[in-house]
file data-v6.cif (mmCIF, C-alpha atoms; chains and numbers go by the auth columns)
data_my_file
#
loop_
_atom_site.group_PDB
_atom_site.id
_atom_site.type_symbol
_atom_site.label_atom_id
_atom_site.label_comp_id
_atom_site.label_asym_id
_atom_site.label_seq_id
_atom_site.Cartn_x
_atom_site.Cartn_y
_atom_site.Cartn_z
_atom_site.B_iso_or_equiv
_atom_site.auth_seq_id
_atom_site.auth_asym_id
ATOM 1 C CA MET A 1 74.367 92.337 108.433 0.00 972 A
ATOM 2 C CA ALA A 2 76.389 94.456 110.689 0.00 973 A
ATOM 3 C CA ASP A 3 75.080 97.269 112.816 0.00 974 A
ATOM 4 C CA PRO A 4 74.582 100.676 111.195 0.00 975 A
ATOM 5 C CA MET A 5 77.359 103.208 111.021 0.00 976 A
ATOM 6 C CA ARG A 6 77.118 106.514 112.757 0.00 977 A
ATOM 7 C CA ILE A 7 77.908 109.290 110.330 0.00 978 A
ATOM 8 C CA ARG A 8 77.990 112.971 111.096 0.00 979 A
ATOM 9 C CA ALA A 9 78.755 115.604 108.486 0.00 980 A
ATOM 10 C CA GLN A 10 79.318 119.047 109.916 0.00 981 A
ATOM 11 C CA ILE A 11 79.466 122.078 107.623 0.00 982 A
ATOM 12 C CA ALA A 12 82.128 124.712 108.221 0.00 983 A
ATOM 13 C CA GLY A 13 82.239 127.294 105.431 0.00 984 A
ATOM 14 C CA ASP A 14 82.246 125.416 102.124 0.00 985 A
ATOM 15 C CA LYS A 15 83.647 122.245 103.645 0.00 986 A
ATOM 16 C CA ALA A 16 82.078 119.393 105.520 0.00 987 A
ATOM 17 C CA THR A 17 83.930 117.523 108.208 0.00 988 A
ATOM 18 C CA VAL A 18 82.665 113.961 108.129 0.00 989 A
ATOM 19 C CA ARG A 19 83.088 111.668 111.103 0.00 990 A
ATOM 20 C CA VAL A 20 82.213 108.026 110.725 0.00 991 A
ATOM 21 C CA LEU A 21 82.005 105.385 113.400 0.00 992 A
ATOM 22 C CA MET A 22 81.620 101.903 111.983 0.00 993 A
ATOM 23 C CA SER A 23 80.591 98.865 113.921 0.00 994 A
ATOM 24 C CA HIS A 24 82.974 96.043 113.102 0.00 995 A
ATOM 25 C CA GLU A 25 85.056 93.497 114.989 0.00 996 A
ATOM 26 C CA MET A 26 88.208 94.130 112.914 0.00 997 A
ATOM 27 C CA GLU A 27 89.727 90.780 113.857 0.00 998 A
ATOM 28 C CA SER A 28 93.429 91.077 113.072 0.00 999 A
ATOM 29 C CA GLY A 29 94.338 87.433 112.609 0.00 1000 A
ATOM 30 C CA GLN A 30 97.001 87.788 115.324 0.00 1001 A
ATOM 31 C CA ARG A 31 94.800 87.073 118.331 0.00 1002 A
ATOM 32 C CA LYS A 32 94.417 83.627 119.873 0.00 1003 A
ATOM 33 C CA ASP A 33 91.215 82.233 121.356 0.00 1004 A
ATOM 34 C CA ALA A 34 90.887 80.433 124.690 0.00 1005 A
ATOM 35 C CA ALA A 35 92.044 77.160 123.095 0.00 1006 A
ATOM 36 C CA GLY A 36 95.207 78.793 121.793 0.00 1007 A
ATOM 37 C CA LYS A 37 94.127 78.724 118.178 0.00 1008 A
ATOM 38 C CA LEU A 38 94.554 81.772 116.007 0.00 1009 A
ATOM 39 C CA VAL A 39 91.331 83.637 115.346 0.00 1010 A
ATOM 40 C CA PRO A 40 91.185 84.111 111.572 0.00 1011 A
ATOM 41 C CA ALA A 41 91.435 87.638 110.250 0.00 1012 A
ATOM 42 C CA MET A 42 88.146 89.367 109.478 0.00 1013 A
ATOM 43 C CA HIS A 43 88.384 93.059 108.943 0.00 1014 A
ATOM 44 C CA ILE A 44 87.228 95.889 106.700 0.00 1015 A
ATOM 45 C CA THR A 45 89.374 96.155 103.598 0.00 1016 A
ATOM 46 C CA GLU A 46 87.633 98.775 101.511 0.00 1017 A
ATOM 47 C CA VAL A 47 85.885 101.975 102.429 0.00 1018 A
ATOM 48 C CA SER A 48 84.397 104.453 100.050 0.00 1019 A
ATOM 49 C CA ALA A 49 82.618 107.726 100.640 0.00 1020 A
ATOM 50 C CA SER A 50 80.410 109.627 98.254 0.00 1021 A
ATOM 51 C CA HIS A 51 79.095 113.169 98.239 0.00 1022 A
ATOM 52 C CA ASN A 52 75.677 113.510 96.538 0.00 1023 A
ATOM 53 C CA GLY A 53 76.322 110.226 94.743 0.00 1024 A
ATOM 54 C CA LYS A 54 79.833 111.080 93.513 0.00 1025 A
ATOM 55 C CA VAL A 55 82.673 109.054 95.017 0.00 1026 A
ATOM 56 C CA VAL A 56 85.073 111.437 96.728 0.00 1027 A
ATOM 57 C CA LEU A 57 87.230 109.076 98.748 0.00 1028 A
ATOM 58 C CA THR A 58 88.229 105.451 98.691 0.00 1029 A
ATOM 59 C CA ALA A 59 90.455 103.818 101.244 0.00 1030 A
ATOM 60 C CA ASP A 60 92.079 100.427 101.649 0.00 1031 A
ATOM 61 C CA TRP A 61 92.485 99.227 105.194 0.00 1032 A
ATOM 62 C CA GLY A 62 94.637 96.571 106.776 0.00 1033 A
ATOM 63 C CA SER A 63 93.973 94.574 109.889 0.00 1034 A
ATOM 64 C CA ALA A 64 95.631 97.194 112.090 0.00 1035 A
ATOM 65 C CA VAL A 65 92.706 99.592 112.072 0.00 1036 A
ATOM 66 C CA SER A 66 91.052 99.492 115.496 0.00 1037 A
ATOM 67 C CA LYS A 67 87.880 97.642 116.364 0.00 1038 A
ATOM 68 C CA ASN A 68 84.775 99.714 115.617 0.00 1039 A
ATOM 69 C CA PRO A 69 86.771 101.956 113.306 0.00 1040 A
ATOM 70 C CA PHE A 70 86.646 105.707 113.360 0.00 1041 A
ATOM 71 C CA LEU A 71 87.325 107.757 110.270 0.00 1042 A
ATOM 72 C CA GLN A 72 87.393 111.487 109.767 0.00 1043 A
ATOM 73 C CA PHE A 73 87.767 113.321 106.482 0.00 1044 A
ATOM 74 C CA THR A 74 86.853 116.662 104.964 0.00 1045 A
ATOM 75 C CA VAL A 75 84.753 117.083 101.835 0.00 1046 A
ATOM 76 C CA LYS A 76 85.298 120.248 99.809 0.00 1047 A
ATOM 77 C CA GLY A 77 82.446 122.200 98.230 0.00 1048 A
ATOM 78 C CA ALA A 78 79.753 120.822 100.493 0.00 1049 A
ATOM 79 C CA LYS A 79 76.685 122.625 101.769 0.00 1050 A
ATOM 80 C CA ALA A 80 73.905 121.917 104.220 0.00 1051 A
ATOM 81 C CA GLY A 81 71.497 119.276 102.985 0.00 1052 A
ATOM 82 C CA ASP A 82 74.100 117.391 100.939 0.00 1053 A
ATOM 83 C CA LYS A 83 74.081 113.633 101.219 0.00 1054 A
ATOM 84 C CA ILE A 84 77.211 111.889 102.431 0.00 1055 A
ATOM 85 C CA ALA A 85 77.206 108.124 102.057 0.00 1056 A
ATOM 86 C CA VAL A 86 79.831 105.706 103.317 0.00 1057 A
ATOM 87 C CA THR A 87 80.264 102.083 102.276 0.00 1058 A
ATOM 88 C CA TRP A 88 82.552 99.431 103.679 0.00 1059 A
ATOM 89 C CA LYS A 89 83.381 95.907 102.633 0.00 1060 A
ATOM 90 C CA ASP A 90 85.154 93.308 104.763 0.00 1061 A
ATOM 91 C CA THR A 91 87.248 90.208 104.063 0.00 1062 A
ATOM 92 C CA LYS A 92 84.119 88.010 104.238 0.00 1063 A
ATOM 93 C CA GLY A 93 82.501 90.060 101.490 0.00 1064 A
ATOM 94 C CA ASP A 94 79.980 91.626 103.860 0.00 1065 A
ATOM 95 C CA THR A 95 79.162 95.159 102.956 0.00 1066 A
ATOM 96 C CA ARG A 96 77.163 97.993 104.418 0.00 1067 A
ATOM 97 C CA THR A 97 76.222 101.477 103.274 0.00 1068 A
ATOM 98 C CA ASP A 98 74.850 104.285 105.388 0.00 1069 A
ATOM 99 C CA GLU A 99 73.967 107.831 104.539 0.00 1070 A
ATOM 100 C CA ALA A 100 73.818 111.090 106.424 0.00 1071 A
ATOM 101 C CA THR A 101 72.737 114.612 105.597 0.00 1072 A
ATOM 102 C CA ALA A 102 75.234 117.396 106.116 0.00 1073 A
ATOM 103 C CA ALA A 103 74.172 120.065 108.605 0.00 1074 A
ATOM 104 C CA MET B 1 101.318 74.803 66.882 0.00 270 B
ATOM 105 C CA GLN B 2 101.343 75.762 70.501 0.00 271 B
ATOM 106 C CA THR B 3 102.530 73.283 73.040 0.00 272 B
ATOM 107 C CA ARG B 4 100.556 72.740 76.189 0.00 273 B
ATOM 108 C CA ARG B 5 103.372 74.318 78.160 0.00 274 B
ATOM 109 C CA GLU B 6 103.229 77.508 76.130 0.00 275 B
ATOM 110 C CA THR B 7 99.473 77.721 76.472 0.00 276 B
ATOM 111 C CA LEU B 8 99.716 77.432 80.226 0.00 277 B
ATOM 112 C CA LYS B 9 102.408 80.055 80.323 0.00 278 B
ATOM 113 C CA HIS B 10 100.325 82.470 78.326 0.00 279 B
ATOM 114 C CA SER B 11 97.247 81.977 80.418 0.00 280 B
ATOM 115 C CA ALA B 12 99.332 82.671 83.507 0.00 281 B
ATOM 116 C CA ILE B 13 100.519 85.929 81.999 0.00 282 B
ATOM 117 C CA VAL B 14 97.014 86.951 81.020 0.00 283 B
ATOM 118 C CA ALA B 15 95.730 86.091 84.485 0.00 284 B
ATOM 119 C CA GLY B 16 98.445 88.307 85.929 0.00 285 B
ATOM 120 C CA LEU B 17 97.454 91.167 83.668 0.00 286 B
ATOM 121 C CA LEU B 18 93.808 90.767 84.531 0.00 287 B
ATOM 122 C CA ALA B 19 94.632 90.861 88.199 0.00 288 B
ATOM 123 C CA THR B 20 96.433 94.167 87.753 0.00 289 B
ATOM 124 C CA THR B 21 93.576 95.691 85.783 0.00 290 B
ATOM 125 C CA GLY B 22 91.190 94.731 88.543 0.00 291 B
ATOM 126 C CA LEU B 23 88.824 92.695 86.404 0.00 292 B
ATOM 127 C CA PHE B 24 88.638 89.774 88.792 0.00 293 B
ATOM 128 C CA PRO B 25 85.840 90.237 91.294 0.00 294 B
ATOM 129 C CA GLN B 26 88.083 89.678 94.300 0.00 295 B
ATOM 130 C CA TYR B 27 90.236 92.540 93.046 0.00 296 B
ATOM 131 C CA ALA B 28 87.242 94.709 92.201 0.00 297 B
ATOM 132 C CA PHE B 29 88.658 97.662 94.111 0.00 298 B
ATOM 133 C CA ALA B 30 92.235 96.596 93.270 0.00 299 B
ATOM 134 C CA TYR B 31 92.912 96.006 96.937 0.00 300 B
ATOM 135 C CA ASN B 32 96.663 95.803 97.212 0.00 301 B
ATOM 136 C CA LYS B 33 97.177 92.695 99.303 0.00 302 B
ATOM 137 C CA GLY B 34 100.948 92.730 98.824 0.00 303 B
ATOM 138 C CA ALA B 35 101.223 96.155 100.389 0.00 304 B
ATOM 139 C CA PHE B 36 99.180 95.129 103.413 0.00 305 B
ATOM 140 C CA GLU B 37 101.237 91.980 103.882 0.00 306 B
ATOM 141 C CA ALA B 38 104.535 93.834 103.663 0.00 307 B
ATOM 142 C CA LYS B 39 106.474 93.622 106.905 0.00 308 B
ATOM 143 C CA SER B 40 108.361 96.893 106.750 0.00 309 B
ATOM 144 C CA VAL B 41 107.579 100.490 105.893 0.00 310 B
ATOM 145 C CA ALA B 42 109.930 100.428 102.885 0.00 311 B
ATOM 146 C CA ASP B 43 108.410 97.210 101.508 0.00 312 B
ATOM 147 C CA ALA B 44 104.862 98.536 101.800 0.00 313 B
ATOM 148 C CA ILE B 45 105.716 101.698 99.915 0.00 314 B
ATOM 149 C CA LYS B 46 107.571 99.697 97.269 0.00 315 B
ATOM 150 C CA ALA B 47 104.568 97.363 96.850 0.00 316 B
ATOM 151 C CA LEU B 48 102.468 100.418 96.022 0.00 317 B
ATOM 152 C CA GLY B 49 104.891 101.386 93.311 0.00 318 B
ATOM 153 C CA ALA B 50 106.165 104.629 94.810 0.00 319 B
ATOM 154 C CA GLY B 51 109.737 105.869 94.897 0.00 320 B
ATOM 155 C CA ALA B 52 111.967 106.034 97.941 0.00 321 B
ATOM 156 C CA PRO B 53 110.281 108.342 100.453 0.00 322 B
ATOM 157 C CA VAL B 54 111.846 111.615 101.515 0.00 323 B
ATOM 158 C CA GLU B 55 111.134 113.258 104.861 0.00 324 B
ATOM 159 C CA SER B 56 109.094 116.408 104.376 0.00 325 B
ATOM 160 C CA LYS B 57 107.785 119.208 106.591 0.00 326 B
ATOM 161 C CA ASP B 58 104.693 119.426 104.409 0.00 327 B
ATOM 162 C CA VAL B 59 103.433 116.087 105.672 0.00 328 B
ATOM 163 C CA THR B 60 102.063 115.847 109.195 0.00 329 B
ATOM 164 C CA ILE B 61 101.501 112.853 111.422 0.00 330 B
ATOM 165 C CA GLY B 62 99.503 113.311 114.592 0.00 331 B
ATOM 166 C CA GLY B 63 99.140 110.976 117.511 0.00 332 B
ATOM 167 C CA PRO B 64 99.676 110.686 121.226 0.00 333 B
ATOM 168 C CA ASP B 65 103.218 110.621 122.666 0.00 334 B
ATOM 169 C CA ILE B 66 102.159 107.835 124.960 0.00 335 B
ATOM 170 C CA ALA B 67 99.242 105.561 124.159 0.00 336 B
ATOM 171 C CA GLU B 68 97.894 103.749 127.176 0.00 337 B
ATOM 172 C CA ASN B 69 95.949 101.243 125.132 0.00 338 B
ATOM 173 C CA GLY B 70 97.584 99.927 121.969 0.00 339 B
ATOM 174 C CA ALA B 71 94.243 98.676 120.682 0.00 340 B
ATOM 175 C CA VAL B 72 93.019 102.213 120.039 0.00 341 B
ATOM 176 C CA VAL B 73 95.663 104.735 119.051 0.00 342 B
ATOM 177 C CA PRO B 74 94.225 107.844 117.399 0.00 343 B
ATOM 178 C CA LEU B 75 96.365 108.865 114.425 0.00 344 B
ATOM 179 C CA THR B 76 96.011 111.665 111.931 0.00 345 B
ATOM 180 C CA ALA B 77 97.783 112.103 108.613 0.00 346 B
ATOM 181 C CA SER B 78 97.668 115.212 106.497 0.00 347 B
ATOM 182 C CA THR B 79 99.658 117.187 103.988 0.00 348 B
ATOM 183 C CA THR B 80 99.673 120.675 102.509 0.00 349 B
ATOM 184 C CA LEU B 81 101.179 119.471 99.237 0.00 350 B
ATOM 185 C CA ALA B 82 99.105 119.654 96.046 0.00 351 B
ATOM 186 C CA GLY B 83 98.703 116.703 93.707 0.00 352 B
ATOM 187 C CA VAL B 84 98.482 113.967 96.313 0.00 353 B
ATOM 188 C CA LYS B 85 97.316 110.572 95.130 0.00 354 B
ATOM 189 C CA HIS B 86 97.486 108.462 98.257 0.00 355 B
ATOM 190 C CA ILE B 87 97.992 109.036 101.943 0.00 356 B
ATOM 191 C CA LEU B 88 99.290 106.093 103.925 0.00 357 B
ATOM 192 C CA LEU B 89 99.414 105.429 107.625 0.00 358 B
ATOM 193 C CA LEU B 90 102.062 102.974 108.762 0.00 359 B
ATOM 194 C CA VAL B 91 103.189 101.572 112.087 0.00 360 B
ATOM 195 C CA GLU B 92 106.746 100.361 111.791 0.00 361 B
ATOM 196 C CA LYS B 93 106.778 97.537 114.327 0.00 362 B
ATOM 197 C CA ASN B 94 103.358 96.040 113.626 0.00 363 B
ATOM 198 C CA PRO B 95 103.244 92.530 112.084 0.00 364 B
ATOM 199 C CA SER B 96 102.325 94.251 108.838 0.00 365 B
ATOM 200 C CA ALA B 97 103.341 97.877 108.672 0.00 366 B
ATOM 201 C CA LEU B 98 100.587 99.366 106.523 0.00 367 B
ATOM 202 C CA VAL B 99 97.492 100.388 108.478 0.00 368 B
ATOM 203 C CA ALA B 100 95.455 102.291 105.936 0.00 369 B
ATOM 204 C CA GLN B 101 95.713 103.751 102.496 0.00 370 B
ATOM 205 C CA PHE B 102 93.506 106.684 101.561 0.00 371 B
ATOM 206 C CA ASN B 103 93.010 107.399 97.871 0.00 372 B
ATOM 207 C CA VAL B 104 92.647 111.152 97.649 0.00 373 B
ATOM 208 C CA THR B 105 90.462 112.880 95.079 0.00 374 B
ATOM 209 C CA ASP B 106 90.104 116.593 94.325 0.00 375 B
ATOM 210 C CA SER B 107 86.922 116.693 96.383 0.00 376 B
ATOM 211 C CA VAL B 108 88.455 115.788 99.721 0.00 377 B
ATOM 212 C CA GLU B 109 91.211 117.410 101.700 0.00 378 B
ATOM 213 C CA PRO B 110 94.337 115.310 102.197 0.00 379 B
ATOM 214 C CA ASN B 111 93.689 115.191 105.909 0.00 380 B
ATOM 215 C CA PHE B 112 92.461 112.009 107.578 0.00 381 B
ATOM 216 C CA ALA B 113 92.036 110.724 111.083 0.00 382 B
ATOM 217 C CA THR B 114 91.451 107.184 112.207 0.00 383 B
ATOM 218 C CA ARG B 115 92.339 104.836 115.032 0.00 384 B
ATOM 219 C CA SER B 116 94.941 102.130 114.790 0.00 385 B
ATOM 220 C CA LYS B 117 96.119 99.102 116.712 0.00 386 B
ATOM 221 C CA MET B 118 99.761 99.041 117.783 0.00 387 B
ATOM 222 C CA GLY B 119 101.550 95.941 119.031 0.00 388 B
ATOM 223 C CA GLN B 120 104.330 97.813 120.789 0.00 389 B
ATOM 224 C CA SER B 121 106.027 101.193 121.005 0.00 390 B
ATOM 225 C CA SER B 122 107.083 102.164 117.515 0.00 391 B
ATOM 226 C CA ASP B 123 107.579 104.926 115.029 0.00 392 B
ATOM 227 C CA VAL B 124 104.423 105.746 113.091 0.00 393 B
ATOM 228 C CA TYR B 125 104.594 107.201 109.593 0.00 394 B
ATOM 229 C CA ALA B 126 102.355 109.290 107.403 0.00 395 B
ATOM 230 C CA VAL B 127 103.351 108.965 103.759 0.00 396 B
ATOM 231 C CA ALA B 128 102.021 111.097 100.935 0.00 397 B
ATOM 232 C CA ILE B 129 102.394 109.563 97.484 0.00 398 B
ATOM 233 C CA MET B 130 102.146 112.157 94.759 0.00 399 B
ATOM 234 C CA ASN B 131 100.660 111.811 91.289 0.00 400 B
ATOM 235 C CA ASP B 132 104.169 111.589 89.833 0.00 401 B
ATOM 236 C CA GLY B 133 105.114 108.681 92.135 0.00 402 B
ATOM 237 C CA LYS B 134 107.258 110.691 94.560 0.00 403 B
ATOM 238 C CA ALA B 135 106.757 109.880 98.216 0.00 404 B
ATOM 239 C CA PHE B 136 107.132 112.158 101.210 0.00 405 B
ATOM 240 C CA PHE B 137 106.830 111.119 104.809 0.00 406 B
ATOM 241 C CA ALA B 138 106.641 112.341 108.381 0.00 407 B
ATOM 242 C CA LYS B 139 107.246 110.180 111.411 0.00 408 B
ATOM 243 C CA LYS B 140 106.514 110.277 115.102 0.00 409 B
ATOM 244 C CA GLU B 141 107.317 107.973 117.962 0.00 410 B
ATOM 245 C CA VAL B 142 104.380 106.609 119.923 0.00 411 B
ATOM 246 C CA LYS B 143 105.030 104.744 123.140 0.00 412 B
ATOM 247 C CA VAL B 144 102.536 102.010 123.916 0.00 413 B
ATOM 248 C CA THR B 145 101.904 100.895 127.475 0.00 414 B
ATOM 249 C CA LEU B 146 99.684 97.936 126.581 0.00 415 B
ATOM 250 C CA GLY B 147 99.951 96.215 123.205 0.00 416 B
ATOM 251 C CA GLY B 148 96.865 95.870 121.053 0.00 417 B
ATOM 252 C CA CYS B 149 97.671 93.116 118.581 0.00 418 B
ATOM 253 C CA GLY B 150 97.954 89.869 120.545 0.00 419 B
ATOM 254 C CA GLY B 151 95.621 88.265 123.071 0.00 420 B
#

call {"tool": "encode", "arguments": {"input": "data-v6.cif", "output": "structure tokens"}}
result
Amino acid sequence: MADPMRIRAQIAGDKATVRVLMSHEMESGQRKDAAGKLVPAMHITEVSASHNGKVVLTADWGSAVSKNPFLQFTVKGAKAGDKIAVTWKDTKGDTRTDEATAA
Amino acid sequence: MQTRRETLKHSAIVAGLLATTGLFPQYAFAYNKGAFEAKSVADAIKALGAGAPVESKDVTIGGPDIAENGAVVPLTASTTLAGVKHILLLVEKNPSALVAQFNVTDSVEPNFATRSKMGQSSDVYAVAIMNDGKAFFAKKEVKVTLGGCGG
């Protein structure tokens, strides 16, 4: 299991700006190791975010998203105390979900 | 009487249909592998089933003019258009052009920021695909001092 994500949901008016920092290698499949062999690709492919249990955003990612990915998005109609949860899944099938409370 | 050949053919067709409906577990989220393997911007957009993209002032791409480290290039993509289905981020000269695809719902603003790897200096694109299949794009050149794809 990968390390937890850092999620921060900041309320501005009726919107919440959500910033997510995931902890993931995001191996692109282009890099070679010390022996000159290609390191196989292993990266996050699917991300989904939910607001109080309702999915508001899904995203598909390729290998070109940076290591320890950062993602920012804005949820409409959010207020303080709302739960924002983010889930990712990688090419190995590993998955992780973390939740934050909007403030 | 069905021949063995016909049976095989039919099962191949059904398998293809199932794959598109996303019933197979590995396609549970209908991850569009073809689009992420596409080499060029045009191919990636075609693989997602959108029309030929048109440059638009209503789509915005944000990023640095010069990125010192190609492994971490902050990019933003947003649009003021209504009825957006997907927002794509693409880097033209990467081994595969498509970086990320955001599936927009009514509950989020079509405005996303993330960080991308870039192999070399290239044009980066933000593409908005509308509900009716039209595609609009904005592009920006980002110069990379140190590539972020190889070793």

call {"tool": "closest_residue", "arguments": {"input": "data-v6.cif", "among": "A:Gly1033, A:Leu1028, A:Ile982, A:Lys1038", "to": "Leu359 (chain B)", "atoms": "all atoms listed in the file"}}
result
A:Gly1033

call {"tool": "residues_around", "arguments": {"input": "data-v6.cif", "residues": "Pro333 (chain B)", "least_positions_apart": "5", "cutoff": "9 Å", "atoms": "only C-alpha atoms", "output": "short mmCIF file (atom, residue, chain, number, x, y, z; two decimals) with C-alpha atoms, in the frame of the given file"}}
result
data_model
loop_
_atom_site.label_atom_id
_atom_site.label_comp_id
_atom_site.auth_asym_id
_atom_site.auth_seq_id
_atom_site.Cartn_x
_atom_site.Cartn_y
_atom_site.Cartn_z
CA VAL B 342 95.66 104.74 119.05
CA PRO B 343 94.22 107.84 117.40
CA LEU B 344 96.36 108.86 114.42
CA GLU B 410 107.32 107.97 117.96
CA VAL B 411 104.38 106.61 119.92
CA LYS B 412 105.03 104.74 123.14
#

call {"tool": "residues_around", "arguments": {"input": "data-v6.cif", "residues": "Gly318 (chain B)", "least_positions_apart": "2", "cutoff": "12 Å", "atoms": "all atoms listed in the file", "output": "CSV table (one decimal) with C-alpha atoms, keeping the file's coordinate frame"}}
result
chain,number,residue,atom,x,y,z
B,301,ASN,CA,96.7,95.8,97.2
B,303,GLY,CA,100.9,92.7,98.8
B,304,ALA,CA,101.2,96.2,100.4
B,311,ALA,CA,109.9,100.4,102.9
B,312,ASP,CA,108.4,97.2,101.5
B,313,ALA,CA,104.9,98.5,101.8
B,314,ILE,CA,105.7,101.7,99.9
B,315,LYS,CA,107.6,99.7,97.3
B,316,ALA,CA,104.6,97.4,96.8
B,320,GLY,CA,109.7,105.9,94.9
B,321,ALA,CA,112.0,106.0,97.9
B,322,PRO,CA,110.3,108.3,100.5
B,355,HIS,CA,97.5,108.5,98.3
B,398,ILE,CA,102.4,109.6,97.5
B,399,MET,CA,102.1,112.2,94.8
B,400,ASN,CA,100.7,111.8,91.3
B,401,ASP,CA,104.2,111.6,89.8
B,402,GLY,CA,105.1,108.7,92.1
B,403,LYS,CA,107.3,110.7,94.6
B,404,ALA,CA,106.8,109.9,98.2

call {"tool": "residues_near_point", "arguments": {"input": "data-v6.cif", "point": "(79.9, 123.1, 103.0)", "cutoff": "7 Å", "atoms": "all atoms listed in the file", "output": "list of chain:residue names"}}
result
A:Ile982, A:Ala983, A:Gly984, A:Asp985, A:Lys986, A:Ala987, A:Lys1047, A:Gly1048, A:Ala1049, A:Lys1050, A:Ala1051

call {"tool": "resolve_selection", "arguments": {"input": "data-v6.cif", "expression": "the PyMOL selection byres ((chain A) within 6 of (chain B))", "output": "ChimeraX atom specification"}}
result
/A:1001-1003,1027-1033,1035-1037,1041-1047

call {"tool": "atom_distance", "arguments": {"input": "data-v6.cif", "atom1": "CA of Asp1069 (chain A)", "atom2": "CA of Asn338 (chain B)"}}
result
29.1 Å

call {"tool": "resolve_selection", "arguments": {"input": "data-v6.cif", "expression": "the PyMOL selection byres ((chain A and resi 1074) around 7)", "output": "list in words"}}
result
Ala980, Gln981, Ile982, Ala1051, Gly1052, Thr1072 and Ala1073 of chain A

call {"tool": "atom_distance", "arguments": {"input": "data-v6.cif", "atom1": "CA of Pro1040 (chain A)", "atom2": "CA of Asp392 (chain B)"}}
result
21.1 Å

call {"tool": "closest_residue", "arguments": {"input": "data-v6.cif", "among": "A:Ala1005, A:Val1026, A:Leu992, A:Met1013", "to": "Lys1063 (chain A)", "atoms": "all atoms listed in the file"}}
result
A:Met1013

call {"tool": "atom_distance", "arguments": {"input": "data-v6.cif", "atom1": "CA of Ser390 (chain B)", "atom2": "CA of Ile335 (chain B)"}}
result
8.6 Å

call {"tool": "closest_residue", "arguments": {"input": "data-v6.cif", "among": "B:Glu324, B:Glu337, B:Ala307, B:Phe405", "to": "Lys354 (chain B)", "atoms": "all atoms listed in the file"}}
result
B:Phe405

call {"tool": "axis_aligned_box", "arguments": {"input": "data-v6.cif", "around": "region 1017-1036 of chain A", "padding_each_side": "3 Å", "output": "JSON"}}
result
{"center_x": 85.7, "center_y": 104.0, "center_z": 102.8, "size_x": 26.0, "size_y": 24.9, "size_z": 24.6}

call {"tool": "residues_around", "arguments": {"input": "data-v6.cif", "residues": "Lys1025 (chain A)", "least_positions_apart": "4", "cutoff": "10 Å", "atoms": "all atoms listed in the file", "output": "PyMOL selection string"}}
result
(chain A and resi 1020-1021+1054-1056) or (chain B and resi 376)

call {"tool": "build_atoms", "arguments": {"input": "data-v6.cif", "residues": "region 1047-1058 of chain A", "atoms": "N, CA and C atoms", "output": "short mmCIF file (atom, residue, chain, number, x, y, z; two decimals), keeping the file's coordinate frame"}}
result
data_model
loop_
_atom_site.label_atom_id
_atom_site.label_comp_id
_atom_site.auth_asym_id
_atom_site.auth_seq_id
_atom_site.Cartn_x
_atom_site.Cartn_y
_atom_site.Cartn_z
N LYS A 1047 85.30 118.86 100.30
CA LYS A 1047 85.30 120.25 99.81
C LYS A 1047 84.00 120.53 99.05
N GLY A 1048 83.60 121.78 99.03
CA GLY A 1048 82.45 122.20 98.23
C GLY A 1048 81.14 121.59 98.68
N ALA A 1049 80.99 121.41 99.99
CA ALA A 1049 79.75 120.82 100.49
C ALA A 1049 78.89 121.91 101.12
N LYS A 1050 77.57 121.68 101.10
CA LYS A 1050 76.68 122.62 101.77
C LYS A 1050 75.62 121.85 102.54
N ALA A 1051 74.91 122.58 103.39
CA ALA A 1051 73.90 121.92 104.22
C ALA A 1051 72.88 121.22 103.34
N GLY A 1052 72.48 120.03 103.75
CA GLY A 1052 71.50 119.28 102.98
C GLY A 1052 72.11 118.27 102.03
N ASP A 1053 73.44 118.36 101.81
CA ASP A 1053 74.10 117.39 100.94
C ASP A 1053 74.10 116.02 101.59
N LYS A 1054 74.07 115.01 100.72
CA LYS A 1054 74.08 113.63 101.22
C LYS A 1054 75.50 113.09 101.22
N ILE A 1055 75.91 112.55 102.33
CA ILE A 1055 77.21 111.89 102.43
C ILE A 1055 76.94 110.42 102.73
N ALA A 1056 77.41 109.55 101.85
CA ALA A 1056 77.21 108.12 102.06
C ALA A 1056 78.56 107.44 102.20
N VAL A 1057 78.60 106.45 103.08
CA VAL A 1057 79.83 105.71 103.32
C VAL A 1057 79.52 104.22 103.18
N THR A 1058 80.40 103.52 102.49
CA THR A 1058 80.26 102.08 102.28
C THR A 1058 81.53 101.38 102.73
#
